[in-house]
Amino acid sequence: MLIEPLPTKGDVLRACRGVEHTAHPLLRAAYELACLHERSPSDEHQGTDINCRRAGLVREIDRWVYAHLPPAHGCASVHTETLGTVIDRLAEYTAIAYTALASPSDNDLGDAWERLAELAVGYEDLADEVTTGRRRLPGGP
């Protein structure tokens, strides 16, 4: 049984921008992931450190989700990504979309925001499906 509900897409997107990110462990992780995606590594070592920290945050998200998910139905299909991976991509796309605001190309801006919007809807659908047991996550219950 889910003890604490999964954040909505709006909650996750606000957390990626640093707004209201302390109320839930997944929102804190989403904020940290977005901060890491906004950093531009100055060398390969720093890039490796950022990627290791991101991987750790994704694992933290996945552990929390697996501990709080209800059991999936026997016929539930497996999603291709964990929720941690999806939230990491939401953080990445948020960073890209906000960077595109400063870009002179309108094409980059529209594409970035469209990808972010589509993924946010996909996150919300996935969150609903795993919460109701209609979808399983890789490696999860």
# chains A, B, ... in the order shown; residues from 1 in each chain; ligands from 1

call {"tool": "residues_around", "arguments": {"residues": "region 66-75 of chain A", "least_positions_apart": "2", "cutoff": "12 Å", "atoms": "only C-alpha atoms", "output": "PyMOL selection string"}}
result
chain A and resi 1-6+25-26+59-64+77-79+82-84+127-141

call {"tool": "write_last_selection", "arguments": {"atoms": "C-alpha atoms", "output": "PDB file, in the first residue's frame"}}
result
ATOM      1  CA  MET A   1       0.000   0.000   0.000  1.00  0.00           C
ATOM      2  CA  LEU A   2       1.289   3.459  -0.905  1.00  0.00           C
ATOM      3  CA  ILE A   3       2.004   5.290   2.365  1.00  0.00           C
ATOM      4  CA  GLU A   4       2.776   8.659   0.828  1.00  0.00           C
ATOM      5  CA  PRO A   5       1.427   9.612  -2.615  1.00  0.00           C
ATOM      6  CA  LEU A   6       3.704  10.181  -5.562  1.00  0.00           C
ATOM      7  CA  PRO A  25      11.776  13.006  -0.632  1.00  0.00           C
ATOM      8  CA  LEU A  26      11.208  12.628  -4.385  1.00  0.00           C
ATOM      9  CA  ARG A  59      18.777   4.923  -6.883  1.00  0.00           C
ATOM     10  CA  GLU A  60      17.430   6.830  -3.854  1.00  0.00           C
ATOM     11  CA  ILE A  61      14.234   7.665  -5.743  1.00  0.00           C
ATOM     12  CA  ASP A  62      13.823   4.075  -6.895  1.00  0.00           C
ATOM     13  CA  ARG A  63      14.365   2.671  -3.394  1.00  0.00           C
ATOM     14  CA  TRP A  64      11.757   5.044  -1.983  1.00  0.00           C
ATOM     15  CA  SER A  77       3.208  -4.881 -17.789  1.00  0.00           C
ATOM     16  CA  VAL A  78       6.707  -3.668 -16.997  1.00  0.00           C
ATOM     17  CA  HIS A  79       7.625  -0.091 -17.887  1.00  0.00           C
ATOM     18  CA  THR A  82      12.329   3.267 -13.364  1.00  0.00           C
ATOM     19  CA  LEU A  83      10.605   6.279 -11.851  1.00  0.00           C
ATOM     20  CA  GLY A  84      14.022   7.578 -10.793  1.00  0.00           C
ATOM     21  CA  ALA A 127       2.758   7.492 -11.560  1.00  0.00           C
ATOM     22  CA  ASP A 128      -0.967   6.772 -11.808  1.00  0.00           C
ATOM     23  CA  GLU A 129      -0.396   3.339 -13.335  1.00  0.00           C
ATOM     24  CA  VAL A 130       2.162   2.191 -10.751  1.00  0.00           C
ATOM     25  CA  THR A 131       0.096   3.591  -7.888  1.00  0.00           C
ATOM     26  CA  THR A 132      -2.938   1.590  -9.004  1.00  0.00           C
ATOM     27  CA  GLY A 133      -0.883  -1.541  -9.719  1.00  0.00           C
ATOM     28  CA  ARG A 134      -1.578  -1.531 -13.459  1.00  0.00           C
ATOM     29  CA  ARG A 135       2.125  -1.107 -14.302  1.00  0.00           C
ATOM     30  CA  ARG A 136       5.312  -2.494 -12.778  1.00  0.00           C
ATOM     31  CA  LEU A 137       8.698  -0.830 -12.739  1.00  0.00           C
ATOM     32  CA  PRO A 138      11.890  -2.671 -13.671  1.00  0.00           C
ATOM     33  CA  GLY A 139      13.396  -4.277 -10.585  1.00  0.00           C
ATOM     34  CA  GLY A 140      10.354  -3.456  -8.479  1.00  0.00           C
ATOM     35  CA  PRO A 141       7.651  -5.450  -6.764  1.00  0.00           C
TER      36      PRO A 141
END

call {"tool": "atom_distance", "arguments": {"atom1": "CA of Glu114 (chain A)", "atom2": "CA of Tyr93 (chain A)"}}
result
9.7 Å

call {"tool": "closest_residue", "arguments": {"among": "A:Thr85, A:Thr80, A:Asn51, A:Thr22", "to": "His37 (chain A)", "atoms": "only C-alpha atoms"}}
result
A:Asn51

call {"tool": "select_by_dssp", "arguments": {"residues": "region 21-128 of chain A", "states": "helix (DSSP H, G or I)", "output": "ChimeraX atom specification"}}
result
/A:25-38,44-68,83-100,106-128

call {"tool": "write_last_selection", "arguments": {"atoms": "C-alpha atoms", "output": "tab-separated table (two decimals), in the first residue's frame"}}
result
chain	number	residue	atom	x	y	z
A	25	PRO	CA	11.78	13.01	-0.63
A	26	LEU	CA	11.21	12.63	-4.38
A	27	LEU	CA	10.86	16.39	-4.79
A	28	ARG	CA	14.12	17.01	-2.93
A	29	ALA	CA	15.84	14.53	-5.23
A	30	ALA	CA	14.25	16.12	-8.33
A	31	TYR	CA	15.59	19.51	-7.23
A	32	GLU	CA	19.09	18.12	-6.67
A	33	LEU	CA	19.00	16.39	-10.07
A	34	ALA	CA	17.99	19.63	-11.80
A	35	CYS	CA	20.84	21.47	-10.06
A	36	LEU	CA	23.28	18.83	-11.29
A	37	HIS	CA	21.94	19.07	-14.85
A	38	GLU	CA	22.38	22.85	-14.77
A	44	GLU	CA	36.08	15.05	-17.16
A	45	HIS	CA	36.58	14.35	-13.45
A	46	GLN	CA	33.86	16.84	-12.47
A	47	GLY	CA	31.55	15.35	-15.11
A	48	THR	CA	32.14	11.90	-13.64
A	49	ASP	CA	31.37	13.20	-10.15
A	50	ILE	CA	28.11	14.78	-11.38
A	51	ASN	CA	27.06	11.57	-13.13
A	52	CYS	CA	27.85	9.49	-10.03
A	53	ARG	CA	25.77	11.82	-7.86
A	54	ARG	CA	22.91	11.66	-10.37
A	55	ALA	CA	23.04	7.86	-10.37
A	56	GLY	CA	22.92	7.88	-6.58
A	57	LEU	CA	19.87	10.15	-6.56
A	58	VAL	CA	18.11	7.95	-9.13
A	59	ARG	CA	18.78	4.92	-6.88
A	60	GLU	CA	17.43	6.83	-3.85
A	61	ILE	CA	14.23	7.67	-5.74
A	62	ASP	CA	13.82	4.08	-6.90
A	63	ARG	CA	14.37	2.67	-3.39
A	64	TRP	CA	11.76	5.04	-1.98
A	65	VAL	CA	9.27	4.18	-4.72
A	66	TYR	CA	9.78	0.41	-4.35
A	67	ALA	CA	9.30	0.69	-0.58
A	68	HIS	CA	6.03	2.62	-0.97
A	83	LEU	CA	10.61	6.28	-11.85
A	84	GLY	CA	14.02	7.58	-10.79
A	85	THR	CA	15.19	7.58	-14.41
A	86	VAL	CA	12.05	9.40	-15.54
A	87	ILE	CA	12.48	12.05	-12.83
A	88	ASP	CA	16.14	12.44	-13.83
A	89	ARG	CA	15.05	13.10	-17.42
A	90	LEU	CA	12.41	15.57	-16.21
A	91	ALA	CA	15.18	17.41	-14.34
A	92	GLU	CA	17.39	17.34	-17.44
A	93	TYR	CA	14.62	18.56	-19.77
A	94	THR	CA	13.72	21.31	-17.30
A	95	ALA	CA	17.32	22.53	-17.30
A	96	ILE	CA	17.41	22.41	-21.11
A	97	ALA	CA	14.08	24.23	-21.46
A	98	TYR	CA	15.13	27.05	-19.16
A	99	THR	CA	18.49	27.35	-20.91
A	100	ALA	CA	16.63	27.57	-24.21
A	106	ASP	CA	12.85	29.94	-31.32
A	107	ASN	CA	13.09	26.37	-32.67
A	108	ASP	CA	15.24	25.25	-29.75
A	109	LEU	CA	12.84	26.86	-27.30
A	110	GLY	CA	9.72	25.23	-28.72
A	111	ASP	CA	11.33	21.80	-29.04
A	112	ALA	CA	12.71	21.92	-25.51
A	113	TRP	CA	9.40	22.89	-23.94
A	114	GLU	CA	7.47	20.36	-26.02
A	115	ARG	CA	9.77	17.50	-24.93
A	116	LEU	CA	9.42	18.62	-21.31
A	117	ALA	CA	5.62	18.81	-21.54
A	118	GLU	CA	5.35	15.38	-23.17
A	119	LEU	CA	7.61	13.76	-20.59
A	120	ALA	CA	5.70	15.44	-17.74
A	121	VAL	CA	2.44	13.93	-19.01
A	122	GLY	CA	4.19	10.57	-19.37
A	123	TYR	CA	5.44	10.82	-15.78
A	124	GLU	CA	1.94	11.53	-14.49
A	125	ASP	CA	0.48	8.61	-16.45
A	126	LEU	CA	3.21	6.30	-15.15
A	127	ALA	CA	2.76	7.49	-11.56
A	128	ASP	CA	-0.97	6.77	-11.81
